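Notes for the one structure printed next.
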Amino acid sequence: MKNSLYYPILFMIAVTVVFIAILASINYMLTDTIAFNQESELRQKILYIFDVLPENDDPQEIKRAFDEKIKQKTINDIEVYTLIENNQEAAYAVPINGPGLWGSINAYIGLNKDFTKIIGIEFITQSETPGLGGRISEDIYKNQFRNIDIEGAADGNYIISSPQPGSNVDAIAGATQTSSAVVKMINEDLNTFFESTGVR
Amino acid sequence: MIKKSEVKKIFKKGIYTENPVFVQVIGICSALAVTNLMMNSLIMGIALSFVTAFSCLTVSLLKSYTPKHIRMMVQVLIISSFVIIVDIYLKAYMPNMSKSLGPYVGLIITNCIIMGRAEGFAQANPPILSFLDGIASGLGYTLVLLMISSIREILGFGTVFGFQILPETITKWTLMVMPPSAFFILACIMWVTNNRRLKLERKGVEKR
């Protein structure tokens, strides 16, 4: 019987159905948890931009802090996150993206209330070389973007990377392309944002 | 009934005399990739043991119904199902671990240890023994991973499972954190153990 033409086909179908059923039910049960984890990661990153992370990184704690302090808002078709302090909008996180060395980089950049200062940056997705360009996700690089005055910036060059004169951010050694890609996407997208919204 | 001596033999083979990494030199890819931290190695080892054990169990249970010429297809289906279960579980309950292991969880599917055990042992042995064989092979793999990662983590970060054991002032050996160090350490460990094994074999001390 085993060598008949139909037995292997039927057997394969039966085994596949059984395993797919098991996988589908496990997936169904855990979808919510996984979605929550992913949202939690984004929440944590937005809180990081505004430098208002709660002390422990328990997902529930992060959700509470996020719900309390952050609101989503649309300025001229651009989805931004706003930090609410004393019932007033205190800072904004604006999405920026652009091509990196290997793939596109998506990030949010934090701006203060009157859009005169960059207060933080966080990368949502990036696929740069681990250990070189990938270090843009490390705190030592990201923390350079705290408190950069952009009011007097000339020609829309808000961020100038070392070793150019007047630099305000250090590039990563061995990752020149990634570093300039980040600078470029910040400058371009901030310009577009300011122009389209007319906030400045 | 399963004989105790048989179980003992299976474990001795999986962990030492036929250790998948040292002796059979399979499953190296992930052994090199996830050994920068001990915690990563431990989780990876547990995941692999789980997948190997349950895949072997299932393959062995189905072996008398499986037509010989499609057995590989069935095995791959079984293995990938268990890998997806592990992947979903890690994403749901250990999101940070899932992130740091990255694509290597999914790549357990291609780990030769599992296919090797399913094809080489489970196909011809009873379910419980196959299950134990899977655990033994997984354990052998885990132990090697832990050996490599302990050296890398201590020299690269000065920690063991995240606990600081060397003084904070120690100069960290950056190479140890990077992938090439895994090659050097794995080769050294293989050299030492194989040397020892061959010496014992020559003396005729080792009984199989």
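To be explicit about the labels: the chains of the structure tokens are called A, B, and onward in the order shown, and within each one the residues are counted from 1, while ligands get numbers from 1 in the order they are shown.
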Using only C-alpha atoms and a cut-off of 12 Å, which residues of chain A sit close to chain B? Please list them as a PyMOL selection string. chain A and resi 1-41+57-59+130-132
Which neighbours of region 111-121 of chain B fall inside 9 Å, counting only C-alpha atoms, when residues of the same chain fewer than 6 positions from it are skipped, and could you give them as a short mmCIF file (atom, residue, chain, number, x, y, z; two decimals) with N, CA and C atoms, in the first residue's frame?
```
data_model
loop_
_atom_site.label_atom_id
_atom_site.label_comp_id
_atom_site.auth_asym_id
_atom_site.auth_seq_id
_atom_site.Cartn_x
_atom_site.Cartn_y
_atom_site.Cartn_z
N PRO B 20 28.46 16.35 18.27
CA PRO B 20 28.17 16.90 16.95
C PRO B 20 29.19 17.95 16.49
N VAL B 21 29.63 18.81 17.41
CA VAL B 21 30.51 19.90 16.96
C VAL B 21 31.96 19.44 16.85
N ILE B 26 29.58 19.37 12.68
CA ILE B 26 28.38 19.92 12.04
C ILE B 26 27.74 20.92 13.00
N GLY B 27 26.91 21.79 12.46
CA GLY B 27 26.27 22.81 13.28
C GLY B 27 27.22 23.93 13.67
N ILE B 28 28.30 24.08 12.91
CA ILE B 28 29.33 25.06 13.24
C ILE B 28 28.84 26.49 13.04
N CYS B 29 28.05 26.69 11.99
CA CYS B 29 27.61 28.04 11.63
C CYS B 29 27.02 28.77 12.82
N SER B 30 26.03 28.15 13.46
CA SER B 30 25.41 28.84 14.59
C SER B 30 26.33 28.83 15.80
N LEU B 48 17.79 24.45 20.41
CA LEU B 48 18.20 23.37 19.50
C LEU B 48 17.88 22.00 20.09
N SER B 49 18.14 21.83 21.39
CA SER B 49 17.85 20.54 22.02
C SER B 49 16.36 20.23 21.92
N VAL B 51 14.17 21.34 19.72
CA VAL B 51 13.78 21.02 18.35
C VAL B 51 14.27 19.62 17.97
N THR B 52 15.54 19.33 18.29
CA THR B 52 16.08 18.02 17.92
C THR B 52 15.30 16.90 18.60
N ALA B 53 15.07 17.06 19.91
CA ALA B 53 14.42 15.99 20.66
C ALA B 53 13.01 15.73 20.12
N SER B 55 11.66 16.69 17.25
CA SER B 55 11.63 16.26 15.85
C SER B 55 11.93 14.77 15.76
N CYS B 56 12.96 14.33 16.51
CA CYS B 56 13.32 12.91 16.47
C CYS B 56 12.17 12.06 16.98
N LEU B 57 11.54 12.54 18.07
CA LEU B 57 10.40 11.80 18.62
C LEU B 57 9.32 11.64 17.56
N VAL B 59 9.52 12.05 14.24
CA VAL B 59 9.97 11.26 13.09
C VAL B 59 9.90 9.77 13.41
N SER B 60 10.33 9.45 14.63
CA SER B 60 10.34 8.04 15.02
C SER B 60 8.92 7.49 15.15
N ARG B 71 10.47 10.55 2.88
CA ARG B 71 10.76 10.76 4.30
C ARG B 71 11.48 12.09 4.56
N MET B 72 12.32 12.52 3.62
CA MET B 72 13.04 13.77 3.82
C MET B 72 12.07 14.95 3.90
N GLN B 75 10.42 14.91 7.21
CA GLN B 75 11.34 15.36 8.25
C GLN B 75 11.48 16.88 8.25
N VAL B 76 11.67 17.44 7.08
CA VAL B 76 11.84 18.89 7.01
C VAL B 76 10.60 19.61 7.51
N ILE B 79 10.62 19.32 11.34
CA ILE B 79 11.64 20.17 11.93
C ILE B 79 11.25 21.64 11.85
N SER B 130 14.86 7.77 20.57
CA SER B 130 15.16 8.86 19.63
C SER B 130 15.08 10.20 20.33
N ASP B 133 18.09 10.58 22.38
CA ASP B 133 19.22 10.83 21.50
C ASP B 133 19.25 12.30 21.06
N GLY B 134 18.06 12.83 20.77
CA GLY B 134 17.98 14.25 20.40
C GLY B 134 18.48 15.13 21.53
N SER B 137 22.34 14.86 21.83
CA SER B 137 23.05 15.63 20.82
C SER B 137 22.94 17.12 21.09
N GLY B 138 21.72 17.55 21.46
CA GLY B 138 21.53 18.96 21.79
C GLY B 138 22.41 19.38 22.94
N TYR B 141 25.96 19.81 21.87
CA TYR B 141 26.08 21.09 21.16
C TYR B 141 26.10 22.26 22.15
#
```
Selection near Thr174 (chain B), 9 Å with only C-alpha atoms, sequence-local residues under 5 positions removed, as number ranges by chain: B: 155-157
Would you kindly return, as a PyMOL selection string, each protein, DNA or RNA residue with an atom no farther than 8 Å from any atom of Met38 (chain B), considering only C-alpha atoms and excluding same-chain residues fewer than 6 positions away? chain B and resi 146+149-150+153+160-161
Just to be explicit: take each residue in the selection above, keep N, CA, C and O atoms, and write the result as a PDB file, in the first residue's frame.
```
ATOM      1  N   LEU B 146      28.669  26.685  25.183  1.00  0.00           N
ATOM      2  CA  LEU B 146      28.938  27.349  26.452  1.00  0.00           C
ATOM      3  C   LEU B 146      30.429  27.480  26.697  1.00  0.00           C
ATOM      4  O   LEU B 146      30.902  28.470  27.230  1.00  0.00           O
ATOM      5  N   SER B 149      31.585  30.309  24.461  1.00  0.00           N
ATOM      6  CA  SER B 149      31.076  31.617  24.864  1.00  0.00           C
ATOM      7  C   SER B 149      31.633  32.039  26.211  1.00  0.00           C
ATOM      8  O   SER B 149      31.800  33.226  26.464  1.00  0.00           O
ATOM      9  N   SER B 150      31.950  31.069  27.100  1.00  0.00           N
ATOM     10  CA  SER B 150      32.510  31.480  28.389  1.00  0.00           C
ATOM     11  C   SER B 150      33.859  32.152  28.163  1.00  0.00           C
ATOM     12  O   SER B 150      34.146  33.191  28.755  1.00  0.00           O
ATOM     13  N   GLU B 153      33.098  35.574  26.489  1.00  0.00           N
ATOM     14  CA  GLU B 153      32.460  36.580  27.336  1.00  0.00           C
ATOM     15  C   GLU B 153      33.407  37.075  28.422  1.00  0.00           C
ATOM     16  O   GLU B 153      33.473  38.272  28.706  1.00  0.00           O
ATOM     17  N   VAL B 160      30.268  36.818  33.333  1.00  0.00           N
ATOM     18  CA  VAL B 160      29.770  35.469  33.106  1.00  0.00           C
ATOM     19  C   VAL B 160      28.262  35.537  33.283  1.00  0.00           C
ATOM     20  O   VAL B 160      27.783  35.932  34.350  1.00  0.00           O
ATOM     21  N   PHE B 161      27.516  35.200  32.260  1.00  0.00           N
ATOM     22  CA  PHE B 161      26.054  35.344  32.260  1.00  0.00           C
ATOM     23  C   PHE B 161      25.648  36.755  32.670  1.00  0.00           C
ATOM     24  O   PHE B 161      24.655  36.952  33.353  1.00  0.00           O
TER      25      PHE B 161
END
```
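Residues surrounding Tyr104 (chain B) within 9 Å are Ser30, Ala33, Val34 and Met44 of chain B [only C-alpha atoms; sequence separation below 5 positions excluded].
Considering only C-alpha atoms, the residue among A:Gln126, A:Asn187, A:Ser137, A:Thr82 positioned nearest to Gly110 (chain A) is A:Thr82.
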Residues within 9 Å of region 166-173 of chain A, please, as an NGL selection string. Count only C-alpha atoms; anything in the same chain fewer than 2 positions from it doesn't count. :A and (132-133 or 135-136 or 141 or 144-145 or 148 or 158-164 or 175-176 or 178-180 or 183)
Keeping only N, CA and C atoms, write those residues as a short mmCIF file (atom, residue, chain, number, x, y, z; two decimals), in the first residue's frame.
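Output saved as out-v4.cif:
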```cif
data_model
loop_
_atom_site.label_atom_id
_atom_site.label_comp_id
_atom_site.auth_asym_id
_atom_site.auth_seq_id
_atom_site.Cartn_x
_atom_site.Cartn_y
_atom_site.Cartn_z
N LEU A 132 30.28 48.34 12.81
CA LEU A 132 30.77 49.58 12.19
C LEU A 132 29.60 50.56 12.09
N GLY A 133 28.92 50.55 10.94
CA GLY A 133 27.79 51.46 10.80
C GLY A 133 26.67 51.14 11.77
N ARG A 135 26.78 50.76 14.67
CA ARG A 135 26.96 51.44 15.96
C ARG A 135 26.14 52.72 16.08
N ILE A 136 25.48 53.14 15.00
CA ILE A 136 24.59 54.30 15.14
C ILE A 136 23.49 54.01 16.16
N TYR A 141 26.71 57.08 20.30
CA TYR A 141 26.48 57.89 19.09
C TYR A 141 25.20 58.72 19.24
N GLN A 144 24.95 62.03 21.25
CA GLN A 144 25.51 63.27 20.71
C GLN A 144 24.42 64.20 20.21
N PHE A 145 23.23 63.62 19.96
CA PHE A 145 22.16 64.42 19.39
C PHE A 145 21.30 65.09 20.46
N ILE A 148 21.19 69.95 20.54
CA ILE A 148 21.96 70.63 19.49
C ILE A 148 21.15 71.84 19.03
N TYR A 158 21.68 71.41 9.42
CA TYR A 158 21.48 71.43 10.87
C TYR A 158 22.55 70.62 11.57
N ILE A 159 22.84 69.47 10.98
CA ILE A 159 23.85 68.59 11.57
C ILE A 159 25.07 68.64 10.66
N ILE A 160 26.21 68.89 11.24
CA ILE A 160 27.45 68.83 10.48
C ILE A 160 28.34 67.80 11.16
N SER A 161 28.77 66.83 10.36
CA SER A 161 29.52 65.73 10.93
C SER A 161 31.01 66.04 10.89
N SER A 162 31.76 65.57 11.91
CA SER A 162 33.20 65.75 11.86
C SER A 162 33.73 64.97 10.66
N PRO A 163 34.84 65.29 10.01
CA PRO A 163 35.81 66.33 10.39
C PRO A 163 35.58 67.67 9.73
N GLN A 164 34.36 67.92 9.20
CA GLN A 164 34.14 69.23 8.60
C GLN A 164 34.17 70.32 9.66
N ALA A 175 32.98 54.00 9.39
CA ALA A 175 31.62 53.93 8.86
C ALA A 175 31.25 55.28 8.28
N THR A 176 32.12 55.77 7.40
CA THR A 176 31.92 57.11 6.83
C THR A 176 30.60 57.20 6.08
N THR A 178 27.81 55.41 6.35
CA THR A 178 26.63 55.40 7.21
C THR A 178 26.50 56.74 7.92
N SER A 179 27.63 57.24 8.44
CA SER A 179 27.58 58.50 9.15
C SER A 179 27.06 59.62 8.26
N SER A 180 27.56 59.69 7.03
CA SER A 180 27.07 60.78 6.18
C SER A 180 25.64 60.53 5.75
N VAL A 183 23.50 61.92 8.53
CA VAL A 183 23.51 63.39 8.52
C VAL A 183 22.65 63.90 7.38
#
```
Just asking: which residues within region 26-176 of chain B are helix (DSSP H, G or I) according to DSSP, as a PyMOL selection string? chain B and resi 28-33+38-62+68-93+95-104+106-110+112-120+122-124+127-157+174-176
Atomic distance CA of Ala90 (chain A) - CA of Thr192 (chain A), expressed in Å with one decimal: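 CA of Thr192 (chain A) lies 21.4 Å from CA of Ala90 (chain A).
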What parts of region 131-187 of chain B does DSSP call strand (DSSP E)? I'd like the answer as a VMD selection string. chain B and resid 159 to 160 163 to 164
Hey, can you spit out that residue selection with N, CA, C and O atoms as a PDB file, in the first residue's frame?
```pdb
ATOM      1  N   THR B 159      32.566  39.340  31.983  1.00  0.00           N
ATOM      2  CA  THR B 159      31.382  38.890  32.725  1.00  0.00           C
ATOM      3  C   THR B 159      31.095  37.415  32.456  1.00  0.00           C
ATOM      4  O   THR B 159      31.609  36.841  31.502  1.00  0.00           O
ATOM      5  N   VAL B 160      30.268  36.818  33.333  1.00  0.00           N
ATOM      6  CA  VAL B 160      29.770  35.469  33.106  1.00  0.00           C
ATOM      7  C   VAL B 160      28.262  35.537  33.283  1.00  0.00           C
ATOM      8  O   VAL B 160      27.783  35.932  34.350  1.00  0.00           O
ATOM      9  N   PHE B 163      27.139  38.702  34.820  1.00  0.00           N
ATOM     10  CA  PHE B 163      27.671  39.142  36.103  1.00  0.00           C
ATOM     11  C   PHE B 163      29.146  39.481  35.960  1.00  0.00           C
ATOM     12  O   PHE B 163      29.919  38.696  35.406  1.00  0.00           O
ATOM     13  N   GLN B 164      29.517  40.631  36.484  1.00  0.00           N
ATOM     14  CA  GLN B 164      30.906  41.064  36.401  1.00  0.00           C
ATOM     15  C   GLN B 164      31.766  40.152  37.278  1.00  0.00           C
ATOM     16  O   GLN B 164      31.512  40.009  38.460  1.00  0.00           O
TER      17      GLN B 164
END
```
Counting only C-alpha atoms, the option among B:Val25, B:Lys3, B:Gly14, B:Gly140 closest to Asn194 (chain B): B:Val25
Considering only C-alpha atoms, state which residue in the set A:Leu190, A:Leu83, A:Met185, A:Ile96 is at the smallest distance from Leu47 (chain A). A:Leu83
